[in-house]
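Q: Submitted below is the structure of interest, expressed as structure tokens.
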Amino acid sequence: MNETNAGGVRQRSVEIVVPVHNEAHVLADSIGRLHAHLEESFPFPFRITIADNASTDRTWYVATDLTLRLPHVHAVRLEQKGRGRALKHVWNRSSADVVAYMDVDLSTGLEAFLPLVAPLLSGHSDLAVGSRLHRQAAVVRGAKREFVSRSYNLLLKAGLGARFSDAQCGFKAVRADVFRALAPHIEDTSWFFDTELLVLAQRNRLRVHEVPVDWTDDPDSRVDIVRTAVDDLKGMGRMLRSTLTGRARIPAVPRRVGTPQVPAARAALPAVLPTGATTHLEYAS
């Protein structure tokens with residue numbers, strides 16, 4: 001991931017992770033749409049990594065087929081479930097400057113992706129989050145999910161002093177060096193992973209950039225709202241204890257160094273794989 005532009009300036013790069021579990025029925029269409037959008041309009045080197053979380057359907061077969069058909073697509077299979085586990089696995093190993101993720105249903109409009117990562121690529125911010133609760137966001141979803149989302153974020157503000165507006169939107173990015181510093185302190189491997197990442201960033205005075213998004217609820221979503229809410233409350237309690245004891249402060253977090261650059265023609269990213277891997281595929285335990 002060391003492409004240079006015509007002036008010899010190194011181009012910054014982005015790796016986008018799409019975590020999936022039993023999503024064979026939508027995977028090819030979603031990755032195809034994402035790949036086409038980035039090919040047409042994204043001015044930086046990029047790679048899309050499909051992170052298969054222990055799927056039992058044809059998801060891994062579809063993922064491997066996509067790596068053969070699309071030049072910027074990579075696939076990783078983990079034998080355990082958990083969105084946070086998948087993100088930590090891929091992001092820790094990435095050679096990109098910025099790592100990001102989005103949900104496979106592409107509920108968030110892809111036009112928001114460049115505004116999401118641009119502040120990180122320029123050195124202006126450390127993390128970036130899509131917000132469905134921003135006053136300029138355009139959101140289509142049911143009353144139940146809207147109530148749960150707003151209630152959860154109000155609890156975060158009251159209990160943890162959160163200054164970000166939407167912890168659980170599946171559309172986030174972070175500087176890779178910042179994530180590697182925070183990763184050992186993130187305990188959750190599932191849905192609370194996002195909140196834990198953001199709270200740690202805030203506690204360590206990192207700059208979080210919010211982007212209002214266009215978002216349409218996925219009617220096929222299989223997230224267990226009640227169980228997720230209970231797990232999130234447990235996570236909030238753990239984070240509150242770590243904050244009160246000072247364990248949320250991390251001394252070695254990298255600080256911003258602004259290096260703005262004008263995007264040049266994008267070149268493909270070489271696949272940089274862990275030791276022993278020789279293809280676009282990877283297995284992880």
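Naming works like this for the structure tokens: A, B, ... for the chains as they're shown, residue 1 at the start of each chain, ligands 1 onward in shown order.
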Which residues are close to Val174 in chain A, i.e. within 6 Å by only C-alpha atoms, leaving aside same-chain residues fewer than 2 positions away? Reply as a list of chain:residue names.
A: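 Non-adjacent residues within range: A:Val98, A:Val99, A:Asp126, A:Leu127.
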Q: Selection from above, C-alpha atoms, as a PDB file, in the first residue's frame, can you write it?
A:
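part13.pdb, freshly written:
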ATOM      1  CA  VAL A  98      -7.241   4.262   7.418  1.00  0.00           C
ATOM      2  CA  VAL A  99      -9.461   1.285   8.233  1.00  0.00           C
ATOM      3  CA  ASP A 126      -8.662  10.401  14.363  1.00  0.00           C
ATOM      4  CA  LEU A 127     -12.004   8.599  14.058  1.00  0.00           C
TER       5      LEU A 127
END
Q: Can you work out which one of A:Ser107, A:Ser95, A:Thr189, A:Ser122 has the shortest atom-to-atom distance to Lys81 in chain A, counting only C-alpha atoms?
A: A:Thr189
Q: If we count only C-alpha atoms and set the cut-off at 6 Å, which residues sit around range 43-57 of chain A, ignoring sequence neighbours fewer than 6 positions away in its own chain? Please answer as an mmCIF file with all heavy atoms, in the first residue's frame.
A:
data_model
loop_
_atom_site.group_PDB
_atom_site.id
_atom_site.type_symbol
_atom_site.label_atom_id
_atom_site.label_comp_id
_atom_site.auth_asym_id
_atom_site.auth_seq_id
_atom_site.Cartn_x
_atom_site.Cartn_y
_atom_site.Cartn_z
ATOM 1 N N SER A 13 -4.063 5.259 1.899
ATOM 2 C CA SER A 13 -4.923 4.169 1.451
ATOM 3 C C SER A 13 -5.952 3.808 2.515
ATOM 4 O O SER A 13 -5.804 4.138 3.692
ATOM 5 C CB SER A 13 -4.068 2.943 1.123
ATOM 6 O OG SER A 13 -3.265 2.588 2.242
ATOM 7 N N VAL A 14 -7.000 3.103 2.071
ATOM 8 C CA VAL A 14 -8.123 2.749 2.937
ATOM 9 C C VAL A 14 -8.476 1.275 2.745
ATOM 10 O O VAL A 14 -8.518 0.776 1.612
ATOM 11 C CB VAL A 14 -9.369 3.608 2.620
ATOM 12 C CG1 VAL A 14 -10.536 3.226 3.527
ATOM 13 C CG2 VAL A 14 -9.047 5.084 2.744
ATOM 14 N N GLU A 15 -8.727 0.574 3.855
ATOM 15 C CA GLU A 15 -9.259 -0.783 3.795
ATOM 16 C C GLU A 15 -10.646 -0.779 4.408
ATOM 17 O O GLU A 15 -10.830 -0.340 5.551
ATOM 18 C CB GLU A 15 -8.357 -1.774 4.527
ATOM 19 C CG GLU A 15 -8.878 -3.202 4.464
ATOM 20 C CD GLU A 15 -7.834 -4.249 4.765
ATOM 21 O OE1 GLU A 15 -6.714 -3.877 5.178
ATOM 22 O OE2 GLU A 15 -8.128 -5.450 4.592
ATOM 23 N N ILE A 16 -11.620 -1.266 3.642
ATOM 24 C CA ILE A 16 -13.013 -1.307 4.094
ATOM 25 C C ILE A 16 -13.394 -2.742 4.407
ATOM 26 O O ILE A 16 -13.306 -3.625 3.549
ATOM 27 C CB ILE A 16 -13.968 -0.762 3.007
ATOM 28 C CG1 ILE A 16 -13.532 0.621 2.548
ATOM 29 C CG2 ILE A 16 -15.405 -0.754 3.513
ATOM 30 C CD1 ILE A 16 -12.857 0.627 1.191
ATOM 31 N N VAL A 17 -13.804 -2.983 5.633
ATOM 32 C CA VAL A 17 -14.200 -4.326 6.056
ATOM 33 C C VAL A 17 -15.728 -4.432 6.050
ATOM 34 O O VAL A 17 -16.422 -3.529 6.531
ATOM 35 C CB VAL A 17 -13.660 -4.646 7.460
ATOM 36 C CG1 VAL A 17 -14.057 -6.066 7.876
ATOM 37 C CG2 VAL A 17 -12.142 -4.491 7.495
ATOM 38 N N VAL A 18 -16.216 -5.530 5.511
ATOM 39 C CA VAL A 18 -17.652 -5.817 5.528
ATOM 40 C C VAL A 18 -17.840 -7.120 6.310
ATOM 41 O O VAL A 18 -17.625 -8.212 5.771
ATOM 42 C CB VAL A 18 -18.220 -5.952 4.105
ATOM 43 C CG1 VAL A 18 -19.729 -6.217 4.160
ATOM 44 C CG2 VAL A 18 -17.924 -4.700 3.279
ATOM 45 N N PRO A 19 -18.212 -7.039 7.604
ATOM 46 C CA PRO A 19 -18.416 -8.259 8.398
ATOM 47 C C PRO A 19 -19.728 -8.936 7.991
ATOM 48 O O PRO A 19 -20.748 -8.262 7.791
ATOM 49 C CB PRO A 19 -18.500 -7.735 9.841
ATOM 50 C CG PRO A 19 -18.104 -6.288 9.782
ATOM 51 C CD PRO A 19 -18.420 -5.826 8.408
ATOM 52 N N VAL A 20 -19.700 -10.275 7.876
ATOM 53 C CA VAL A 20 -20.902 -10.989 7.449
ATOM 54 C C VAL A 20 -21.056 -12.292 8.219
ATOM 55 O O VAL A 20 -20.078 -12.937 8.597
ATOM 56 C CB VAL A 20 -20.870 -11.302 5.931
ATOM 57 C CG1 VAL A 20 -20.991 -10.025 5.124
ATOM 58 C CG2 VAL A 20 -19.594 -12.044 5.540
ATOM 59 N N HIS A 21 -22.315 -12.675 8.435
ATOM 60 C CA HIS A 21 -22.650 -13.982 9.002
ATOM 61 C C HIS A 21 -23.907 -14.475 8.311
ATOM 62 O O HIS A 21 -24.986 -13.875 8.450
ATOM 63 C CB HIS A 21 -22.868 -13.897 10.510
ATOM 64 C CG HIS A 21 -23.327 -15.189 11.113
ATOM 65 N ND1 HIS A 21 -22.501 -16.283 11.261
ATOM 66 C CD2 HIS A 21 -24.555 -15.583 11.568
ATOM 67 C CE1 HIS A 21 -23.172 -17.280 11.795
ATOM 68 N NE2 HIS A 21 -24.426 -16.894 11.981
ATOM 69 N N ASN A 22 -23.769 -15.530 7.517
ATOM 70 C CA ASN A 22 -24.892 -16.103 6.765
ATOM 71 C C ASN A 22 -25.591 -15.052 5.903
ATOM 72 O O ASN A 22 -26.800 -14.842 5.990
ATOM 73 C CB ASN A 22 -25.885 -16.773 7.719
ATOM 74 C CG ASN A 22 -25.325 -18.036 8.343
ATOM 75 O OD1 ASN A 22 -24.324 -18.580 7.889
ATOM 76 N ND2 ASN A 22 -25.970 -18.501 9.415
ATOM 77 N N HIS A 72 -10.183 -5.633 -6.266
ATOM 78 C CA HIS A 72 -9.849 -5.016 -4.983
ATOM 79 C C HIS A 72 -10.490 -5.725 -3.793
ATOM 80 O O HIS A 72 -10.562 -5.167 -2.706
ATOM 81 C CB HIS A 72 -10.281 -3.544 -4.977
ATOM 82 C CG HIS A 72 -9.709 -2.752 -6.119
ATOM 83 N ND1 HIS A 72 -8.374 -2.483 -6.227
ATOM 84 C CD2 HIS A 72 -10.310 -2.200 -7.191
ATOM 85 C CE1 HIS A 72 -8.160 -1.776 -7.329
ATOM 86 N NE2 HIS A 72 -9.316 -1.597 -7.929
ATOM 87 N N VAL A 73 -10.965 -6.964 -4.009
ATOM 88 C CA VAL A 73 -11.694 -7.664 -2.954
ATOM 89 C C VAL A 73 -10.833 -8.780 -2.350
ATOM 90 O O VAL A 73 -10.199 -9.559 -3.067
ATOM 91 C CB VAL A 73 -13.019 -8.245 -3.486
ATOM 92 C CG1 VAL A 73 -13.720 -9.076 -2.413
ATOM 93 C CG2 VAL A 73 -13.931 -7.111 -3.961
ATOM 94 N N HIS A 74 -10.833 -8.829 -1.037
ATOM 95 C CA HIS A 74 -10.069 -9.794 -0.240
ATOM 96 C C HIS A 74 -11.080 -10.472 0.688
ATOM 97 O O HIS A 74 -12.134 -9.914 0.978
ATOM 98 C CB HIS A 74 -9.016 -9.023 0.558
ATOM 99 C CG HIS A 74 -8.188 -9.841 1.491
ATOM 100 N ND1 HIS A 74 -7.280 -10.781 1.073
ATOM 101 C CD2 HIS A 74 -8.113 -9.831 2.843
ATOM 102 C CE1 HIS A 74 -6.684 -11.320 2.126
ATOM 103 N NE2 HIS A 74 -7.171 -10.767 3.207
ATOM 104 N N ALA A 75 -10.790 -11.687 1.137
ATOM 105 C CA ALA A 75 -11.723 -12.402 2.007
ATOM 106 C C ALA A 75 -10.995 -13.048 3.174
ATOM 107 O O ALA A 75 -9.905 -13.595 3.019
ATOM 108 C CB ALA A 75 -12.487 -13.467 1.223
ATOM 109 N N VAL A 76 -11.619 -12.974 4.351
ATOM 110 C CA VAL A 76 -11.074 -13.556 5.577
ATOM 111 C C VAL A 76 -12.188 -14.357 6.233
ATOM 112 O O VAL A 76 -13.329 -13.910 6.287
ATOM 113 C CB VAL A 76 -10.601 -12.448 6.547
ATOM 114 C CG1 VAL A 76 -10.183 -13.040 7.876
ATOM 115 C CG2 VAL A 76 -9.463 -11.657 5.939
ATOM 116 N N ARG A 77 -11.859 -15.552 6.715
ATOM 117 C CA ARG A 77 -12.862 -16.344 7.431
ATOM 118 C C ARG A 77 -12.416 -16.565 8.861
ATOM 119 O O ARG A 77 -11.295 -17.003 9.119
ATOM 120 C CB ARG A 77 -13.098 -17.694 6.757
ATOM 121 C CG ARG A 77 -14.112 -18.551 7.533
ATOM 122 C CD ARG A 77 -14.531 -19.792 6.787
ATOM 123 N NE ARG A 77 -15.346 -20.675 7.613
ATOM 124 C CZ ARG A 77 -16.648 -20.536 7.837
ATOM 125 N NH1 ARG A 77 -17.309 -19.539 7.272
ATOM 126 N NH2 ARG A 77 -17.309 -21.386 8.602
ATOM 127 N N LEU A 78 -13.306 -16.256 9.813
ATOM 128 C CA LEU A 78 -13.071 -16.521 11.226
ATOM 129 C C LEU A 78 -14.034 -17.616 11.673
ATOM 130 O O LEU A 78 -15.186 -17.660 11.236
ATOM 131 C CB LEU A 78 -13.289 -15.263 12.063
ATOM 132 C CG LEU A 78 -12.246 -14.142 11.880
ATOM 133 C CD1 LEU A 78 -12.669 -13.204 10.766
ATOM 134 C CD2 LEU A 78 -12.072 -13.373 13.167
ATOM 135 N N GLU A 79 -13.566 -18.477 12.547
ATOM 136 C CA GLU A 79 -14.379 -19.598 13.000
ATOM 137 C C GLU A 79 -15.242 -19.253 14.209
ATOM 138 O O GLU A 79 -15.926 -20.124 14.750
ATOM 139 C CB GLU A 79 -13.485 -20.798 13.320
ATOM 140 C CG GLU A 79 -12.696 -21.308 12.117
ATOM 141 C CD GLU A 79 -13.581 -21.725 10.947
ATOM 142 O OE1 GLU A 79 -14.761 -22.062 11.195
ATOM 143 O OE2 GLU A 79 -13.104 -21.702 9.809
ATOM 144 N N GLN A 80 -15.203 -17.990 14.645
ATOM 145 C CA GLN A 80 -16.053 -17.537 15.742
ATOM 146 C C GLN A 80 -16.835 -16.310 15.308
ATOM 147 O O GLN A 80 -16.352 -15.494 14.524
ATOM 148 C CB GLN A 80 -15.210 -17.193 16.973
ATOM 149 C CG GLN A 80 -14.532 -18.385 17.627
ATOM 150 C CD GLN A 80 -13.663 -17.942 18.793
ATOM 151 O OE1 GLN A 80 -12.590 -17.377 18.612
ATOM 152 N NE2 GLN A 80 -14.149 -18.186 20.004
ATOM 153 N N LYS A 81 -18.057 -16.180 15.852
ATOM 154 C CA LYS A 81 -18.888 -15.038 15.517
ATOM 155 C C LYS A 81 -18.444 -13.790 16.281
ATOM 156 O O LYS A 81 -17.685 -13.872 17.240
ATOM 157 C CB LYS A 81 -20.354 -15.352 15.843
ATOM 158 C CG LYS A 81 -20.973 -16.420 14.952
ATOM 159 C CD LYS A 81 -22.367 -16.789 15.435
ATOM 160 C CE LYS A 81 -23.329 -15.621 15.376
ATOM 161 N NZ LYS A 81 -24.708 -16.001 15.771
ATOM 162 N N PRO A 263 -5.946 14.471 -4.011
ATOM 163 C CA PRO A 263 -6.037 13.125 -4.554
ATOM 164 C C PRO A 263 -5.562 13.070 -5.997
ATOM 165 O O PRO A 263 -5.905 13.920 -6.817
ATOM 166 C CB PRO A 263 -7.535 12.792 -4.460
ATOM 167 C CG PRO A 263 -8.047 13.713 -3.408
ATOM 168 C CD PRO A 263 -7.229 14.961 -3.519
ATOM 169 N N ARG A 266 -6.129 7.060 -8.723
ATOM 170 C CA ARG A 266 -5.999 5.965 -7.785
ATOM 171 C C ARG A 266 -5.373 4.762 -8.459
ATOM 172 O O ARG A 266 -5.641 4.428 -9.596
ATOM 173 C CB ARG A 266 -7.386 5.583 -7.247
ATOM 174 C CG ARG A 266 -7.373 4.345 -6.385
ATOM 175 C CD ARG A 266 -8.769 3.985 -5.902
ATOM 176 N NE ARG A 266 -9.777 4.121 -6.926
ATOM 177 C CZ ARG A 266 -9.932 3.258 -7.923
ATOM 178 N NH1 ARG A 266 -9.128 2.234 -8.051
ATOM 179 N NH2 ARG A 266 -10.889 3.444 -8.803
ATOM 180 N N ALA A 267 -4.491 4.099 -7.721
ATOM 181 C CA ALA A 267 -3.896 2.849 -8.192
ATOM 182 C C ALA A 267 -4.379 1.720 -7.303
ATOM 183 O O ALA A 267 -4.789 1.927 -6.176
ATOM 184 C CB ALA A 267 -2.374 2.938 -8.145
ATOM 185 N N ALA A 268 -4.316 0.501 -7.832
ATOM 186 C CA ALA A 268 -4.762 -0.652 -7.055
ATOM 187 C C ALA A 268 -3.810 -0.920 -5.907
ATOM 188 O O ALA A 268 -2.607 -0.702 -6.012
ATOM 189 C CB ALA A 268 -4.849 -1.885 -7.962
ATOM 190 N N LEU A 269 -4.365 -1.435 -4.812
ATOM 191 C CA LEU A 269 -3.541 -1.785 -3.662
ATOM 192 C C LEU A 269 -3.019 -3.204 -3.812
ATOM 193 O O LEU A 269 -3.784 -4.117 -4.114
ATOM 194 C CB LEU A 269 -4.377 -1.725 -2.372
ATOM 195 C CG LEU A 269 -4.801 -0.355 -1.902
ATOM 196 C CD1 LEU A 269 -5.601 -0.528 -0.623
ATOM 197 C CD2 LEU A 269 -3.611 0.517 -1.658
#
Q: Determine, counting only C-alpha atoms, which protein, DNA and RNA residues have an atom within 12 Å of an atom of Glu187 in chain A; residues of the same chain fewer than 5 positions away are not included. Present the result as a list of chain:residue names.
A: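 Result of the neighbour search: A:Gly82, A:Gly84, A:Arg85, A:Lys88, A:Leu182, A:Phe192, A:Phe193, A:Asp194, A:Thr195, A:Glu196, A:Leu197, A:Leu200, A:Gly235, A:Met236, A:Arg238, A:Met239, A:Ser242, A:Ala248.
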Q: Enter the distance from CA of Glu23 in chain A to CA of Gly170 in chain A, in Å, rounded to one decimal.
A: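 Answer for the CA of Glu23 in chain A to CA of Gly170 in chain A separation: 15.7 Å.
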Q: Choose the residue, out of A:Ala118, A:Val90, A:Leu70, A:Leu34, that has the smallest atom-to-atom separation from Asp103 in chain A; count only C-alpha atoms.
A: A:Leu34
Q: As an NGL selection string, please: every residue in range 83-244 of chain A that a backbone DSSP assignment puts in helix (DSSP H, G or I).
A: :A and (83-93 or 110-121 or 143-160 or 176-185 or 193-203 or 225-244)
Q: Report, in Å with one decimal, the straight-line distance from CA of Arg83 in chain A to CA of Tyr101 in chain A.
A: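 CA of Tyr101 in chain A lies at a distance of 10.1 Å from CA of Arg83 in chain A.
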Q: Leaving out Arg205 in chain A and any residue of its chain fewer than 5 positions from it, which residues lie within 12 Å of it when counting only C-alpha atoms, given as a list in words?
A: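 In the requested form, the answer reads Ser125, Asp126, Leu127, Arg163, Val178, Leu198, Val199, Leu200, Ala248, Arg249, Ile250, Pro251, Val253, Pro254, Arg255 and Arg256 of chain A.
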Q: Just to be explicit: take each residue in the selection above, keep N, CA and C atoms, and write the result as a PDB file, in the first residue's frame.
A:
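This is the output file selection-v8.pdb:
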ATOM      1  N   SER A 125      -8.615  14.448  11.647  1.00  0.00           N
ATOM      2  CA  SER A 125      -9.330  13.752  12.711  1.00  0.00           C
ATOM      3  C   SER A 125      -8.756  12.357  12.914  1.00  0.00           C
ATOM      4  N   ASP A 126      -9.174  11.721  14.007  1.00  0.00           N
ATOM      5  CA  ASP A 126      -8.662  10.401  14.363  1.00  0.00           C
ATOM      6  C   ASP A 126      -9.662   9.289  14.069  1.00  0.00           C
ATOM      7  N   LEU A 127     -10.927   9.540  14.352  1.00  0.00           N
ATOM      8  CA  LEU A 127     -12.004   8.599  14.058  1.00  0.00           C
ATOM      9  C   LEU A 127     -13.103   9.349  13.326  1.00  0.00           C
ATOM     10  N   ARG A 163     -20.020  12.336  23.829  1.00  0.00           N
ATOM     11  CA  ARG A 163     -20.259  13.539  23.051  1.00  0.00           C
ATOM     12  C   ARG A 163     -20.557  13.225  21.587  1.00  0.00           C
ATOM     13  N   VAL A 178      -3.954   4.687  15.216  1.00  0.00           N
ATOM     14  CA  VAL A 178      -4.753   4.956  16.407  1.00  0.00           C
ATOM     15  C   VAL A 178      -5.459   3.686  16.861  1.00  0.00           C
ATOM     16  N   LEU A 198     -15.343   4.162  20.636  1.00  0.00           N
ATOM     17  CA  LEU A 198     -15.616   5.596  20.679  1.00  0.00           C
ATOM     18  C   LEU A 198     -15.382   6.190  22.068  1.00  0.00           C
ATOM     19  N   VAL A 199     -15.801   5.473  23.102  1.00  0.00           N
ATOM     20  CA  VAL A 199     -15.600   5.980  24.456  1.00  0.00           C
ATOM     21  C   VAL A 199     -14.115   6.066  24.775  1.00  0.00           C
ATOM     22  N   LEU A 200     -13.344   5.053  24.397  1.00  0.00           N
ATOM     23  CA  LEU A 200     -11.897   5.096  24.617  1.00  0.00           C
ATOM     24  C   LEU A 200     -11.273   6.263  23.867  1.00  0.00           C
ATOM     25  N   ALA A 248      -9.110   3.775  31.518  1.00  0.00           N
ATOM     26  CA  ALA A 248      -9.466   4.132  30.146  1.00  0.00           C
ATOM     27  C   ALA A 248      -8.440   5.055  29.494  1.00  0.00           C
ATOM     28  N   ARG A 249      -7.495   5.567  30.281  1.00  0.00           N
ATOM     29  CA  ARG A 249      -6.466   6.438  29.727  1.00  0.00           C
ATOM     30  C   ARG A 249      -5.328   5.599  29.171  1.00  0.00           C
ATOM     31  N   ILE A 250      -4.967   5.881  27.917  1.00  0.00           N
ATOM     32  CA  ILE A 250      -3.930   5.126  27.215  1.00  0.00           C
ATOM     33  C   ILE A 250      -2.802   6.080  26.841  1.00  0.00           C
ATOM     34  N   PRO A 251      -1.628   5.934  27.406  1.00  0.00           N
ATOM     35  CA  PRO A 251      -0.563   6.924  27.209  1.00  0.00           C
ATOM     36  C   PRO A 251       0.066   6.930  25.821  1.00  0.00           C
ATOM     37  N   VAL A 253      -1.221   6.654  22.690  1.00  0.00           N
ATOM     38  CA  VAL A 253      -2.065   6.898  21.517  1.00  0.00           C
ATOM     39  C   VAL A 253      -1.388   7.905  20.590  1.00  0.00           C
ATOM     40  N   PRO A 254      -1.215   7.579  19.295  1.00  0.00           N
ATOM     41  CA  PRO A 254      -0.572   8.515  18.359  1.00  0.00           C
ATOM     42  C   PRO A 254      -1.382   9.783  18.210  1.00  0.00           C
ATOM     43  N   ARG A 255      -0.699  10.899  18.049  1.00  0.00           N
ATOM     44  CA  ARG A 255      -1.372  12.181  17.869  1.00  0.00           C
ATOM     45  C   ARG A 255      -1.393  12.577  16.397  1.00  0.00           C
ATOM     46  N   ARG A 256      -2.327  13.439  16.048  1.00  0.00           N
ATOM     47  CA  ARG A 256      -2.523  13.830  14.659  1.00  0.00           C
ATOM     48  C   ARG A 256      -1.322  14.587  14.112  1.00  0.00           C
TER      49      ARG A 256
END
Q: When you draw a straight line from CA of Ala176 in chain A to CA of Lys234 in chain A, how long is it in Å?
A: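 Going from CA of Ala176 in chain A over to CA of Lys234 in chain A, I get 27.5 Å.
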Q: A:Val211, A:Leu66, A:Leu240, A:Ala24: which is nearest Thr108 in chain A, counting only C-alpha atoms?
A: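 Answer, going by the shortest atom-to-atom distance: A:Val211.
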Q: So that I can check the secondary structure, give me every residue of range 33-250 of chain A assigned strand (DSSP E) by backbone DSSP, as a PyMOL selection string.
A: chain A and resi 46-53+73-78+98-102+127-131+138-140+171-175+208-212+214-216
Q: Go through A:Glu111, A:Asp217, A:Asp105, A:Asp232 one by one, measure the shortest atom-to-atom distance of each to Ala167 in chain A using only C-alpha atoms, and give the residue with the smallest value.
A: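 Once distances to Ala167 in chain A are computed over only C-alpha atoms, the minimum belongs to A:Asp232.
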Q: Excluding Trp215 in chain A and residues on its chain fewer than 6 positions from it, collect all residues at most 7 Å away from it, counting only C-alpha atoms, and give them as a list in words.
A: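 Surrounding residues, per the criterion: Ser107, Thr108, Gly109, Arg132, Ala138, Val139 and Val140 of chain A.
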Q: Do a neighbour search on Ala137 in chain A at 6 Å with only C-alpha atoms, toss out local chain neighbours closer than 2 positions, and write the hits as a list in words.
A: Arg132, His134, Arg135, Pro212, Val213 and Asp214 of chain A
